[in-house]
Every structure is written in C-alpha cells, then in structure tokens.
$ cat model_22.cif   # mmCIF, C-alpha atoms and all ligand atoms
data_work
#
loop_
_atom_site.label_atom_id
_atom_site.label_comp_id
_atom_site.auth_asym_id
_atom_site.auth_seq_id
_atom_site.Cartn_x
_atom_site.Cartn_y
_atom_site.Cartn_z
CA MET A 19 122.37 38.18 74.41
CA GLU A 20 120.86 40.00 71.47
CA LYS A 21 123.00 40.54 68.42
CA ASN A 22 122.82 43.82 66.56
CA PRO A 23 119.40 44.66 67.97
CA LYS A 24 117.30 47.10 65.98
CA HIS A 25 115.58 48.21 69.10
CA GLN A 26 116.55 47.23 72.58
CA SER A 27 114.21 46.58 75.42
CA THR A 28 114.98 44.42 78.40
CA GLU A 29 113.83 44.58 82.00
CA GLY A 30 114.59 47.91 83.67
CA ILE A 31 116.87 48.06 86.70
CA ILE A 32 114.61 50.44 88.65
CA ASN A 33 111.84 50.87 86.10
CA ASP A 34 111.44 51.04 82.37
CA ASP A 35 112.05 54.78 81.99
CA LYS A 36 114.66 55.50 79.38
CA VAL A 37 116.80 58.49 80.20
CA ILE A 38 118.89 58.32 77.01
CA ILE A 39 117.77 57.04 73.62
CA VAL A 40 120.16 56.96 70.70
CA ASN A 41 118.46 55.90 67.51
CA LYS A 42 120.19 55.27 64.17
CA LEU A 43 123.03 57.67 64.91
CA TYR A 44 125.37 58.51 62.05
CA LYS A 45 128.58 60.53 62.39
CA SER A 46 131.42 60.84 59.90
CA PHE A 47 134.50 63.03 59.68
CA GLY A 48 135.25 63.47 55.98
CA ASP A 49 135.38 59.93 54.60
CA ASN A 50 135.90 58.42 58.08
CA ASP A 51 132.48 56.88 58.86
CA VAL A 52 132.62 56.48 62.63
CA LEU A 53 129.02 55.80 63.73
CA LYS A 54 126.86 54.03 61.16
CA GLY A 55 123.38 53.66 62.62
CA PHE A 56 124.23 53.20 66.29
CA ASN A 57 121.40 52.43 68.76
CA LEU A 58 121.41 52.55 72.55
CA ASP A 59 118.94 52.92 75.43
CA LEU A 60 120.02 53.94 78.91
CA LYS A 61 117.48 52.94 81.51
CA LYS A 62 116.86 54.89 84.66
CA GLY A 63 119.20 53.75 87.42
CA GLU A 64 121.40 51.45 85.40
CA ASN A 65 125.12 51.38 84.73
CA LEU A 66 125.59 50.71 81.02
CA VAL A 67 129.10 49.92 79.81
CA VAL A 68 130.07 50.66 76.21
CA LEU A 69 133.02 48.59 75.06
CA GLY A 70 134.87 49.25 71.86
CA LYS A 71 138.36 49.23 70.43
CA SER A 72 140.44 52.38 70.49
CA GLY A 73 139.25 54.74 67.75
CA SER A 74 135.91 52.95 67.34
CA GLY A 75 133.87 56.07 68.19
CA LYS A 76 133.14 55.79 71.91
CA SER A 77 134.11 59.35 72.76
CA VAL A 78 132.32 60.62 69.64
CA LEU A 79 129.20 58.85 70.89
CA ILE A 80 129.13 60.52 74.29
CA LYS A 81 130.09 63.88 72.83
CA CYS A 82 126.94 63.63 70.70
CA MET A 83 124.97 63.05 73.91
CA VAL A 84 126.04 66.35 75.47
CA GLY A 85 125.96 68.41 72.29
CA LEU A 86 129.74 68.73 71.93
CA LEU A 87 129.41 67.08 68.52
CA TYR A 88 126.56 67.37 66.08
CA PRO A 89 125.29 64.10 64.55
CA ASP A 90 124.96 63.77 60.76
CA ASP A 91 121.72 61.85 61.17
CA GLY A 92 119.67 60.06 63.81
CA GLU A 93 118.11 60.83 67.14
CA VAL A 94 119.86 61.56 70.44
CA ALA A 95 117.32 62.09 73.20
CA VAL A 96 118.57 62.84 76.71
CA LEU A 97 116.10 63.25 79.60
CA GLY A 98 113.37 63.66 77.00
CA LYS A 99 115.15 66.41 75.03
CA ASN A 100 116.30 66.03 71.45
CA ILE A 101 119.92 67.18 71.77
CA PRO A 102 120.65 68.28 68.16
CA LYS A 103 117.54 70.48 68.18
CA LEU A 104 118.40 72.43 71.36
CA ASP A 105 119.66 76.01 71.30
CA GLN A 106 122.66 76.99 73.44
CA ASP A 107 120.50 78.11 76.35
CA GLU A 108 118.51 74.86 76.47
CA LEU A 109 121.73 72.87 76.13
CA ASP A 110 123.30 74.72 79.08
CA HIS A 111 120.26 73.96 81.22
CA LEU A 112 120.35 70.29 80.31
CA ARG A 113 124.10 69.98 80.90
CA VAL A 114 123.64 70.91 84.57
CA ARG A 115 121.75 67.62 84.90
CA ILE A 116 124.51 65.56 83.25
CA GLY A 117 127.89 64.82 84.82
CA PHE A 118 130.69 64.23 82.38
CA LEU A 119 133.98 62.71 83.53
CA PHE A 120 136.33 63.25 80.60
CA GLN A 121 139.11 60.87 79.67
CA SER A 122 141.64 63.44 80.84
CA SER A 123 139.48 65.23 83.40
CA ALA A 124 141.94 67.97 84.24
CA LEU A 125 141.65 69.84 87.49
CA TYR A 126 142.71 73.48 87.64
CA ASP A 127 146.26 73.20 88.97
CA SER A 128 146.37 76.72 90.39
CA MET A 129 143.21 76.19 92.46
CA THR A 130 142.79 74.24 95.69
CA VAL A 131 140.50 71.22 95.75
CA ARG A 132 137.80 73.38 97.36
CA GLU A 133 138.06 76.01 94.61
CA ASN A 134 137.97 73.30 91.94
CA LEU A 135 134.73 71.97 93.40
CA GLU A 136 133.16 75.43 93.72
CA PHE A 137 133.89 76.15 90.08
CA PRO A 138 130.86 74.35 88.50
CA LEU A 139 128.50 76.16 90.89
CA ARG A 140 129.87 79.52 89.76
CA ARG A 141 129.97 78.58 86.10
CA HIS A 142 126.29 77.65 86.16
CA TRP A 143 125.38 80.77 88.18
CA ILE A 144 124.05 78.69 91.03
CA SER A 145 123.88 81.14 93.91
CA LYS A 146 124.24 79.73 97.39
CA SER A 147 125.39 81.05 100.72
CA LYS A 148 128.99 80.40 101.82
CA GLU A 149 127.72 77.79 104.29
CA GLU A 150 125.63 76.00 101.66
CA VAL A 151 128.56 75.93 99.25
CA ASN A 152 130.79 74.51 101.98
CA GLU A 153 128.22 71.82 102.73
CA LEU A 154 127.99 70.84 99.06
CA VAL A 155 131.79 70.71 98.74
CA MET A 156 132.19 68.55 101.84
CA GLU A 157 129.32 66.26 100.86
CA ALA A 158 130.80 65.64 97.41
CA LEU A 159 134.26 65.02 98.91
CA LYS A 160 132.82 62.66 101.49
CA ASN A 161 131.10 60.66 98.77
CA VAL A 162 134.42 60.09 97.00
CA GLY A 163 136.23 59.41 100.30
CA LEU A 164 138.46 62.48 100.24
CA GLU A 165 137.25 65.00 102.82
CA ASP A 166 140.83 65.43 104.05
CA ALA A 167 141.97 66.78 100.68
CA VAL A 168 139.79 69.91 100.74
CA ASP A 169 142.65 72.38 101.19
CA LYS A 170 145.22 70.54 99.08
CA MET A 171 146.50 71.54 95.65
CA PRO A 172 145.97 69.04 92.79
CA SER A 173 149.75 68.60 92.48
CA GLU A 174 149.83 67.12 95.98
CA LEU A 175 147.45 64.32 94.99
CA SER A 176 148.00 60.92 93.34
CA GLY A 177 146.41 60.06 89.97
CA GLY A 178 143.64 58.10 91.66
CA MET A 179 142.91 60.95 94.07
CA ARG A 180 142.78 63.47 91.23
CA LYS A 181 140.29 61.21 89.46
CA ARG A 182 138.15 61.18 92.61
CA ILE A 183 138.30 64.96 92.90
CA GLY A 184 137.32 65.26 89.23
CA LEU A 185 134.36 63.05 90.03
CA ALA A 186 133.44 65.08 93.13
CA ARG A 187 133.53 68.24 91.02
CA THR A 188 130.97 66.68 88.71
CA LEU A 189 128.84 65.29 91.54
CA ILE A 190 128.50 68.66 93.24
CA LEU A 191 125.73 69.52 90.74
CA LYS A 192 123.89 66.28 91.70
CA PRO A 193 123.64 64.98 88.13
CA GLU A 194 120.86 62.63 87.09
CA ILE A 195 123.07 61.09 84.42
CA MET A 196 126.80 60.36 84.62
CA LEU A 197 128.94 59.84 81.54
CA TYR A 198 132.34 58.32 82.25
CA ASP A 199 134.88 58.30 79.44
CA GLU A 200 137.55 55.68 80.25
CA PRO A 201 137.51 56.37 84.00
CA THR A 202 140.34 53.94 84.82
CA THR A 203 142.73 54.61 81.94
CA GLY A 204 146.23 55.39 83.18
CA LEU A 205 145.59 54.07 86.68
CA ASP A 206 147.25 51.02 88.26
CA PRO A 207 145.07 47.91 88.77
CA ILE A 208 144.41 48.53 92.47
CA THR A 209 143.42 52.16 91.96
CA SER A 210 141.31 51.15 88.93
CA ARG A 211 139.44 48.73 91.13
CA GLU A 212 138.80 51.43 93.73
CA ILE A 213 137.48 53.82 91.09
CA SER A 214 135.27 51.07 89.66
CA LYS A 215 133.79 50.38 93.09
CA LEU A 216 133.28 54.10 93.57
CA ILE A 217 131.28 54.23 90.33
CA VAL A 218 128.93 51.60 91.79
CA GLU A 219 128.67 53.52 95.09
CA ILE A 220 127.79 56.69 93.21
CA GLN A 221 125.12 54.87 91.24
CA HIS A 222 123.46 54.04 94.57
CA THR A 223 124.17 57.23 96.56
CA TYR A 224 123.17 59.64 93.80
CA GLN A 225 120.66 57.35 92.05
CA THR A 226 122.35 58.13 88.77
CA SER A 227 121.91 56.46 85.41
CA SER A 228 125.36 56.09 83.89
CA ILE A 229 127.21 55.27 80.72
CA ILE A 230 130.72 54.00 81.33
CA ILE A 231 133.01 53.85 78.34
CA THR A 232 135.94 51.56 78.88
CA HIS A 233 138.15 48.83 77.52
CA ASP A 234 139.17 47.82 81.04
CA MET A 235 137.37 44.50 81.47
CA ALA A 236 138.00 44.39 85.22
CA CYS A 237 136.20 47.74 85.50
CA ALA A 238 133.37 46.56 83.21
CA LYS A 239 132.86 43.46 85.33
CA ILE A 240 132.51 45.51 88.51
CA VAL A 241 130.31 48.34 87.23
CA ALA A 242 128.11 46.96 84.43
CA ASN A 243 124.45 46.10 84.77
CA ARG A 244 124.45 45.76 80.97
CA MET A 245 127.12 46.07 78.32
CA ILE A 246 127.10 47.12 74.71
CA ILE A 247 129.86 46.26 72.26
CA LEU A 248 130.48 48.89 69.61
CA VAL A 249 131.96 47.34 66.45
CA ASP A 250 132.12 48.92 63.00
CA GLY A 251 129.97 51.88 64.01
CA ILE A 252 127.00 49.91 65.29
CA CYS A 253 125.80 48.34 68.52
CA TYR A 254 127.11 44.88 67.65
CA ALA A 255 126.03 43.06 70.79
CA ILE A 256 124.28 43.72 74.06
CA GLY A 257 123.96 41.72 77.26
CA THR A 258 125.29 41.27 80.77
CA TYR A 259 129.01 40.76 81.37
CA ASN A 260 128.38 37.04 81.87
CA ASP A 261 126.27 36.74 78.68
CA LEU A 262 128.93 38.36 76.55
CA GLU A 263 131.83 36.56 78.21
CA GLN A 264 130.33 33.26 77.07
CA SER A 265 130.00 34.36 73.46
CA LYS A 266 132.05 32.55 70.84
CA ASP A 267 131.63 35.35 68.31
CA PRO A 268 135.06 36.23 66.87
CA LYS A 269 134.31 39.96 67.18
CA ILE A 270 133.37 39.62 70.86
CA ARG A 271 135.93 37.06 72.08
CA PRO A 272 138.97 39.38 71.85
CA PHE A 273 137.54 41.72 74.51
CA PHE A 274 137.61 38.88 77.05
CA GLU A 275 141.03 37.41 76.20
N1 LIG B 1 136.69 66.26 66.04
C1 LIG B 1 137.10 65.28 65.21
N2 LIG B 1 137.49 65.55 63.95
C2 LIG B 1 137.88 64.56 63.13
N3 LIG B 1 137.92 63.26 63.45
C3 LIG B 1 137.55 62.92 64.69
C4 LIG B 1 137.13 63.91 65.65
N4 LIG B 1 136.81 63.28 66.80
C5 LIG B 1 137.04 61.97 66.59
N5 LIG B 1 137.48 61.75 65.33
C6 LIG B 1 137.78 60.43 64.74
O1 LIG B 1 136.71 59.56 65.02
C7 LIG B 1 137.18 58.25 65.31
C8 LIG B 1 136.64 57.82 66.66
O2 LIG B 1 137.24 58.62 67.68
P1 LIG B 1 136.91 58.43 69.21
O3 LIG B 1 135.45 58.46 69.44
O4 LIG B 1 137.73 59.44 69.93
O5 LIG B 1 137.47 56.96 69.52
P2 LIG B 1 137.46 56.16 70.89
O6 LIG B 1 136.58 54.98 70.67
O7 LIG B 1 138.88 55.72 71.10
O8 LIG B 1 136.99 57.09 71.97
C9 LIG B 1 138.69 58.30 65.21
O9 LIG B 1 139.05 57.84 63.93
C10 LIG B 1 139.00 59.77 65.38
O10 LIG B 1 140.18 60.09 64.69
MG MG B 2 137.87 57.92 73.59
#

$ encode --input "model_22.cif" --output "structure tokens"
Amino acid sequence: MEKNPKHQSTEGIINDDKVIIVNKLYKSFGDNDVLKGFNLDLKKGENLVVLGKSGSGKSVLIKCMVGLLYPDDGEVAVLGKNIPKLDQDELDHLRVRIGFLFQSSALYDSMTVRENLEFPLRRHWISKSKEEVNELVMEALKNVGLEDAVDKMPSELSGGMRKRIGLARTLILKPEIMLYDEPTTGLDPITSREISKLIVEIQHTYQTSSIIITHDMACAKIVANRMIILVDGICYAIGTYNDLEQSKDPKIRPFFE
C-alpha cells in the first residue's frame, strides 16, 4: 500500500495504458474545499473502487470526469482528452464513450424497457435500422440477464431489476469507460451482491475500464482490482482490498469495521 502517493504507478491489469488521469484536482464550493489536490489513474481494463465517507467529494470527482462540473485547478484527462478544455461538441463526442450509472439512475417511467434502452441511441443521433436497434437492445438486456423484461414498464420491476435496466441503457452505447456512482445503495444485501457480480461480468464482456464509487465494502471486495480511499480531499491511500484491510491507520480502519 502506498500512502498519499504523489504519482501512482503499479502494474497494469491488461497493460499500462491509462484511460483516466486526474492530477492535482481542486474543487471548492464557496468556502467548502471539497477536492484539495486529488490524484488518480485508471488503467485500461481495471475496476478501480473509490471509497470515501458521505459528503467527501466522490460524486464531485466523477462529475469532473464527464464535464458536469468544472474543476478550479488541476488536470482531468479522459481517453487522452483534457476535459476542462473541451467545447460542448467535443464533450458530447467523448461522452458517448463513457457510461455513467448515476446514484439515482432514473428510468423514464412512461416508457417501456425497450424504449428506455433506445433512448441513448436517439439522443446521440446514432442511426441504425430497426433490426440493428432491436439487436442492440436485446444484447444489452442479455448481458444484464433481463431479456424477458423488454416489454415491461419500469414500475413493474424491482429495485435491482431497474438498476440492471439502467446499466443496460448505458451499455447499449458500448462504453470504453464505466463510471458507477454508488451502484448498490438502497438495495438489499443479496441484490447488492448480484449487482456487484454483474459489474465484474461487464468488465470482462465489454472490456471496460471502470471507476466504482461506493461505501459498500461487500461490493468493493467483489469488484475492486485496486481501491483508493478519499480522505480530506486527497487520495489518502491506494492498494488492493486485502492491502487496505490490513492497515492499522486510524483513517482507514473505520471503512473495514
Ligand atoms: N453543485 C454543488 N454546489 C455546491 N456544493 C456542492 C455541489 N455538489 C456537491 N457539493 C458539496 O460538495 C461536497 C461533496 O459532495 P459529493 O461529491 O456529492 O459527496 P459524496 O462523497 O457523498 O458523493 C458536499 O459538501 C456537497 O454539499
Ligand atoms: Mg455521491
């Protein structure tokens, strides 16, 4: 385990390509200093978990990665592009390559599952024949284990199923990077476990590189190739689940108790 690393580099999972680099990121809201020189590297093919207390800036961090928030200072490079420097057009193009599962990833309640999944294709002006669209919809549903739900309404589905459909809607664009913001929050332990396993399956099926923000340690244990602990606005510690679990550091211990 490295503590508060200035620059991280460990063995790559597939290779040493870095698909996201966050370097000395600062973000405040008024006098609330949230990120205070945060560093992170996401390597190609890995699942990187970011742990942090509620309100520590985890959502702010991933919003900076997709250009939903503008950093005060520092570098946020995603797939080789410097996010804060992109214009709206360039940002839209890049966002097609990034899947974002929001904390409350709401489905459109008045649309069927199929219509919900078709929505990202239309929004990004991706023109396909009816047959091709159907194939993409069914492929995405198959990969989250819910082909049978294609004609259902969201209200007919359980919380775990809605989470899966939200994920399928993101996967339909075949993202290179997945950003999960608290994917298991609000789910019971058994469903949380299923979603965690699904995140690992998606890593392999879609060859994604992913950041998973969570404070669910059971989820972290299942999905993480590496973990980062965000404390006081910085990357306080980095290592595997097992590395960090053995730490006696009083700022790390509470996550494992
Ligand atoms: N758009 C915003 N305007 C003002 N304050 C914000 C905004 N977004 C987040 N914050 C503040 O930043 C801090 C970190 O928030 P957040 O990243 O959502 O925490 P979490 O780690 O729980 O995801 C909190 O104090 C929150 O109130
Ligand atoms: Mg959050």

$ closest_residue --input "model_22.cif" --among "A:Pro201, A:Gly92, A:Gly184, A:Pro268" --to "ligand MG 2 (chain B)" --atoms "only C-alpha atoms and all ligand atoms"
A:Pro201

$ residues_around --input "model_22.cif" --residues "segment 222-229 of chain A" --least-positions-apart "6" --cutoff "9 Å" --atoms "all atoms listed in the file" --output "list in words"
Val37, Leu60, Lys61, Lys62, Gly63, Glu64, Asn65, Leu66, Val67, Val68, Ile80, Asn161, Leu189, Lys192, Pro193, Glu194, Ile195, Met196, Leu197, Tyr198 and Asp199 of chain A

$ write_last_selection --input "model_22.cif" --atoms "C-alpha atoms" --output "mmCIF file, in the frame of the given file"
data_model
loop_
_atom_site.group_PDB
_atom_site.id
_atom_site.type_symbol
_atom_site.label_atom_id
_atom_site.label_comp_id
_atom_site.auth_asym_id
_atom_site.auth_seq_id
_atom_site.Cartn_x
_atom_site.Cartn_y
_atom_site.Cartn_z
ATOM 1 C CA VAL A 37 116.800 58.490 80.200
ATOM 2 C CA LEU A 60 120.020 53.940 78.910
ATOM 3 C CA LYS A 61 117.480 52.940 81.510
ATOM 4 C CA LYS A 62 116.860 54.890 84.660
ATOM 5 C CA GLY A 63 119.200 53.750 87.420
ATOM 6 C CA GLU A 64 121.400 51.450 85.400
ATOM 7 C CA ASN A 65 125.120 51.380 84.730
ATOM 8 C CA LEU A 66 125.590 50.710 81.020
ATOM 9 C CA VAL A 67 129.100 49.920 79.810
ATOM 10 C CA VAL A 68 130.070 50.660 76.210
ATOM 11 C CA ILE A 80 129.130 60.520 74.290
ATOM 12 C CA ASN A 161 131.100 60.660 98.770
ATOM 13 C CA LEU A 189 128.840 65.290 91.540
ATOM 14 C CA LYS A 192 123.890 66.280 91.700
ATOM 15 C CA PRO A 193 123.640 64.980 88.130
ATOM 16 C CA GLU A 194 120.860 62.630 87.090
ATOM 17 C CA ILE A 195 123.070 61.090 84.420
ATOM 18 C CA MET A 196 126.800 60.360 84.620
ATOM 19 C CA LEU A 197 128.940 59.840 81.540
ATOM 20 C CA TYR A 198 132.340 58.320 82.250
ATOM 21 C CA ASP A 199 134.880 58.300 79.440
#

$ residues_near_ligand --input "model_22.cif" --ligand "ligand LIG 1 (chain B)" --cutoff "7 Å" --atoms "all atoms listed in the file" --output "list in words"
Phe47, Asn50, Val52, Gly70, Lys71, Ser72, Gly73, Ser74, Gly75, Lys76, Ser77, Val78 and Leu79 of chain A

$ residues_around --input "model_22.cif" --residues "Ala186 of chain A" --least-positions-apart "4" --cutoff "8 Å" --atoms "only C-alpha atoms" --output "list of chain:residue names"
A:Leu135, A:Ala158, A:Leu159, A:Asn161, A:Val162, A:Arg182, A:Ile190

$ closest_residue --input "model_22.cif" --among "A:Leu69, A:Ala95, A:Leu104, A:Ile208" --to "ligand MG 2 (chain B)" --atoms "only C-alpha atoms and all ligand atoms"
A:Leu69

$ closest_residue --input "model_22.cif" --among "A:Leu262, A:Leu119, A:Cys253, A:Leu43" --to "ligand MG 2 (chain B)" --atoms "all atoms listed in the file"
A:Leu119

$ closest_residue --input "model_22.cif" --among "A:Ile220, A:Pro102, A:Lys81, A:Ser46" --to "ligand MG 2 (chain B)" --atoms "all atoms listed in the file"
A:Lys81

$ closest_atom_pairs --input "model_22.cif" --of "segment 179-223 of chain A" --to "segment 230-248 of chain A" --cutoff "10 Å" --atoms "only C-alpha atoms" --output "tab-separated table"
residue	atom	partner	partner_atom	distance
A:Met196	CA	A:Ile230	CA	8.2
A:Leu197	CA	A:Ile230	CA	6.1
A:Tyr198	CA	A:Ile230	CA	4.7
A:Asp199	CA	A:Ile231	CA	5.0
A:Glu200	CA	A:Thr232	CA	4.6
A:Pro201	CA	A:Thr232	CA	7.2
A:Thr202	CA	A:Asp234	CA	7.3
A:Thr203	CA	A:Asp234	CA	7.7
A:Pro207	CA	A:Ala236	CA	8.7
A:Ser210	CA	A:Cys237	CA	7.0
A:Arg211	CA	A:Cys237	CA	6.6
A:Glu212	CA	A:Cys237	CA	9.4
A:Ile213	CA	A:Cys237	CA	8.4
A:Ser214	CA	A:Cys237	CA	5.4
A:Lys215	CA	A:Ile240	CA	6.8
A:Leu216	CA	A:Val241	CA	9.1
A:Ile217	CA	A:Val241	CA	6.7
A:Val218	CA	A:Val241	CA	5.8
A:Glu219	CA	A:Val241	CA	9.6
A:Gln221	CA	A:Val241	CA	9.3

$ residues_around --input "model_22.cif" --residues "Glu93 of chain A" --least-positions-apart "6" --cutoff "12 Å" --atoms "all atoms listed in the file" --output "list in words"
Ile38, Ile39, Val40, Asn41, Lys42, Leu43, Tyr44, Lys45, Gly55, Phe56, Asn57, Leu58, Asp59, Leu79, Cys82, Met83, Lys99, Asn100, Ile101, Pro102 and Lys103 of chain A

$ residues_near_point --input "model_22.cif" --point "(126.4, 36.6, 78.2)" --cutoff "12 Å" --atoms "all atoms listed in the file" --output "PyMOL selection string"
chain A and resi 19-21+239+243-247+255-267+270-271+274

$ closest_residue --input "model_22.cif" --among "A:Asp90, A:Asp35, A:Glu149, A:Glu133" --to "Lys54 of chain A" --atoms "all atoms listed in the file"
A:Asp90

$ closest_residue --input "model_22.cif" --among "A:Arg187, A:Arg115, A:Lys36, A:Lys269" --to "Asn134 of chain A" --atoms "all atoms listed in the file"
A:Arg187

$ atom_distance --input "model_22.cif" --atom1 "atom CA of Met156 of chain A" --atom2 "atom CA of Leu109 of chain A"
28.1 Å

$ build_atoms --input "model_22.cif" --residues "segment 129-159 of chain A" --atoms "N, CA and C atoms" --output "PDB file, keeping the file's coordinate frame"
ATOM      1  N   MET A 129     144.276  76.061  91.459  1.00  0.00           N
ATOM      2  CA  MET A 129     143.210  76.190  92.460  1.00  0.00           C
ATOM      3  C   MET A 129     143.297  75.049  93.461  1.00  0.00           C
ATOM      4  N   THR A 130     142.882  75.303  94.688  1.00  0.00           N
ATOM      5  CA  THR A 130     142.790  74.240  95.690  1.00  0.00           C
ATOM      6  C   THR A 130     141.656  73.294  95.281  1.00  0.00           C
ATOM      7  N   VAL A 131     141.585  72.166  95.983  1.00  0.00           N
ATOM      8  CA  VAL A 131     140.500  71.220  95.750  1.00  0.00           C
ATOM      9  C   VAL A 131     139.154  71.906  95.970  1.00  0.00           C
ATOM     10  N   ARG A 132     139.059  72.680  97.063  1.00  0.00           N
ATOM     11  CA  ARG A 132     137.800  73.380  97.360  1.00  0.00           C
ATOM     12  C   ARG A 132     137.401  74.294  96.189  1.00  0.00           C
ATOM     13  N   GLU A 133     138.360  75.074  95.703  1.00  0.00           N
ATOM     14  CA  GLU A 133     138.060  76.010  94.610  1.00  0.00           C
ATOM     15  C   GLU A 133     137.677  75.267  93.326  1.00  0.00           C
ATOM     16  N   ASN A 134     138.335  74.116  93.105  1.00  0.00           N
ATOM     17  CA  ASN A 134     137.970  73.300  91.940  1.00  0.00           C
ATOM     18  C   ASN A 134     136.521  72.844  92.023  1.00  0.00           C
ATOM     19  N   LEU A 135     136.096  72.468  93.232  1.00  0.00           N
ATOM     20  CA  LEU A 135     134.730  71.970  93.400  1.00  0.00           C
ATOM     21  C   LEU A 135     133.690  73.093  93.330  1.00  0.00           C
ATOM     22  N   GLU A 136     134.107  74.294  93.760  1.00  0.00           N
ATOM     23  CA  GLU A 136     133.160  75.430  93.720  1.00  0.00           C
ATOM     24  C   GLU A 136     132.942  75.910  92.284  1.00  0.00           C
ATOM     25  N   PHE A 137     133.911  75.602  91.440  1.00  0.00           N
ATOM     26  CA  PHE A 137     133.890  76.150  90.080  1.00  0.00           C
ATOM     27  C   PHE A 137     132.598  75.855  89.300  1.00  0.00           C
ATOM     28  N   PRO A 138     132.098  74.609  89.271  1.00  0.00           N
ATOM     29  CA  PRO A 138     130.860  74.350  88.500  1.00  0.00           C
ATOM     30  C   PRO A 138     129.664  75.136  89.013  1.00  0.00           C
ATOM     31  N   LEU A 139     129.619  75.392  90.323  1.00  0.00           N
ATOM     32  CA  LEU A 139     128.500  76.160  90.890  1.00  0.00           C
ATOM     33  C   LEU A 139     128.527  77.583  90.328  1.00  0.00           C
ATOM     34  N   ARG A 140     129.737  78.148  90.275  1.00  0.00           N
ATOM     35  CA  ARG A 140     129.870  79.520  89.760  1.00  0.00           C
ATOM     36  C   ARG A 140     129.590  79.568  88.263  1.00  0.00           C
ATOM     37  N   ARG A 141     130.126  78.570  87.551  1.00  0.00           N
ATOM     38  CA  ARG A 141     129.970  78.580  86.100  1.00  0.00           C
ATOM     39  C   ARG A 141     128.495  78.507  85.697  1.00  0.00           C
ATOM     40  N   HIS A 142     127.724  77.776  86.486  1.00  0.00           N
ATOM     41  CA  HIS A 142     126.290  77.650  86.160  1.00  0.00           C
ATOM     42  C   HIS A 142     125.447  78.671  86.915  1.00  0.00           C
ATOM     43  N   TRP A 143     126.092  79.672  87.492  1.00  0.00           N
ATOM     44  CA  TRP A 143     125.380  80.770  88.180  1.00  0.00           C
ATOM     45  C   TRP A 143     124.442  80.259  89.250  1.00  0.00           C
ATOM     46  N   ILE A 144     124.871  79.215  89.938  1.00  0.00           N
ATOM     47  CA  ILE A 144     124.050  78.690  91.030  1.00  0.00           C
ATOM     48  C   ILE A 144     124.446  79.470  92.281  1.00  0.00           C
ATOM     49  N   SER A 145     123.509  80.292  92.783  1.00  0.00           N
ATOM     50  CA  SER A 145     123.880  81.140  93.910  1.00  0.00           C
ATOM     51  C   SER A 145     123.464  80.485  95.225  1.00  0.00           C
ATOM     52  N   LYS A 146     124.435  80.373  96.089  1.00  0.00           N
ATOM     53  CA  LYS A 146     124.240  79.730  97.390  1.00  0.00           C
ATOM     54  C   LYS A 146     125.026  80.535  98.415  1.00  0.00           C
ATOM     55  N   SER A 147     124.618  80.392  99.674  1.00  0.00           N
ATOM     56  CA  SER A 147     125.390  81.050 100.720  1.00  0.00           C
ATOM     57  C   SER A 147     126.714  80.323 100.894  1.00  0.00           C
ATOM     58  N   LYS A 148     127.669  80.988 101.592  1.00  0.00           N
ATOM     59  CA  LYS A 148     128.990  80.400 101.820  1.00  0.00           C
ATOM     60  C   LYS A 148     128.854  79.047 102.552  1.00  0.00           C
ATOM     61  N   GLU A 149     127.924  79.014 103.503  1.00  0.00           N
ATOM     62  CA  GLU A 149     127.720  77.790 104.290  1.00  0.00           C
ATOM     63  C   GLU A 149     127.178  76.661 103.410  1.00  0.00           C
ATOM     64  N   GLU A 150     126.210  77.022 102.550  1.00  0.00           N
ATOM     65  CA  GLU A 150     125.630  76.000 101.660  1.00  0.00           C
ATOM     66  C   GLU A 150     126.677  75.453 100.700  1.00  0.00           C
ATOM     67  N   VAL A 151     127.505  76.356 100.170  1.00  0.00           N
ATOM     68  CA  VAL A 151     128.560  75.930  99.250  1.00  0.00           C
ATOM     69  C   VAL A 151     129.516  74.977  99.973  1.00  0.00           C
ATOM     70  N   ASN A 152     129.889  75.364 101.200  1.00  0.00           N
ATOM     71  CA  ASN A 152     130.790  74.510 101.980  1.00  0.00           C
ATOM     72  C   ASN A 152     130.169  73.131 102.211  1.00  0.00           C
ATOM     73  N   GLU A 153     128.894  73.105 102.507  1.00  0.00           N
ATOM     74  CA  GLU A 153     128.220  71.820 102.730  1.00  0.00           C
ATOM     75  C   GLU A 153     128.255  70.952 101.473  1.00  0.00           C
ATOM     76  N   LEU A 154     127.969  71.584 100.323  1.00  0.00           N
ATOM     77  CA  LEU A 154     127.990  70.840  99.060  1.00  0.00           C
ATOM     78  C   LEU A 154     129.378  70.291  98.758  1.00  0.00           C
ATOM     79  N   VAL A 155     130.395  71.127  98.987  1.00  0.00           N
ATOM     80  CA  VAL A 155     131.790  70.710  98.740  1.00  0.00           C
ATOM     81  C   VAL A 155     132.129  69.511  99.615  1.00  0.00           C
ATOM     82  N   MET A 156     131.817  69.620 100.907  1.00  0.00           N
ATOM     83  CA  MET A 156     132.190  68.550 101.840  1.00  0.00           C
ATOM     84  C   MET A 156     131.397  67.276 101.578  1.00  0.00           C
ATOM     85  N   GLU A 157     130.139  67.433 101.174  1.00  0.00           N
ATOM     86  CA  GLU A 157     129.320  66.260 100.860  1.00  0.00           C
ATOM     87  C   GLU A 157     129.893  65.505  99.666  1.00  0.00           C
ATOM     88  N   ALA A 158     130.244  66.272  98.620  1.00  0.00           N
ATOM     89  CA  ALA A 158     130.800  65.640  97.410  1.00  0.00           C
ATOM     90  C   ALA A 158     132.120  64.952  97.726  1.00  0.00           C
ATOM     91  N   LEU A 159     132.960  65.623  98.546  1.00  0.00           N
ATOM     92  CA  LEU A 159     134.260  65.020  98.910  1.00  0.00           C
ATOM     93  C   LEU A 159     134.063  63.765  99.747  1.00  0.00           C
TER      94      LEU A 159
END
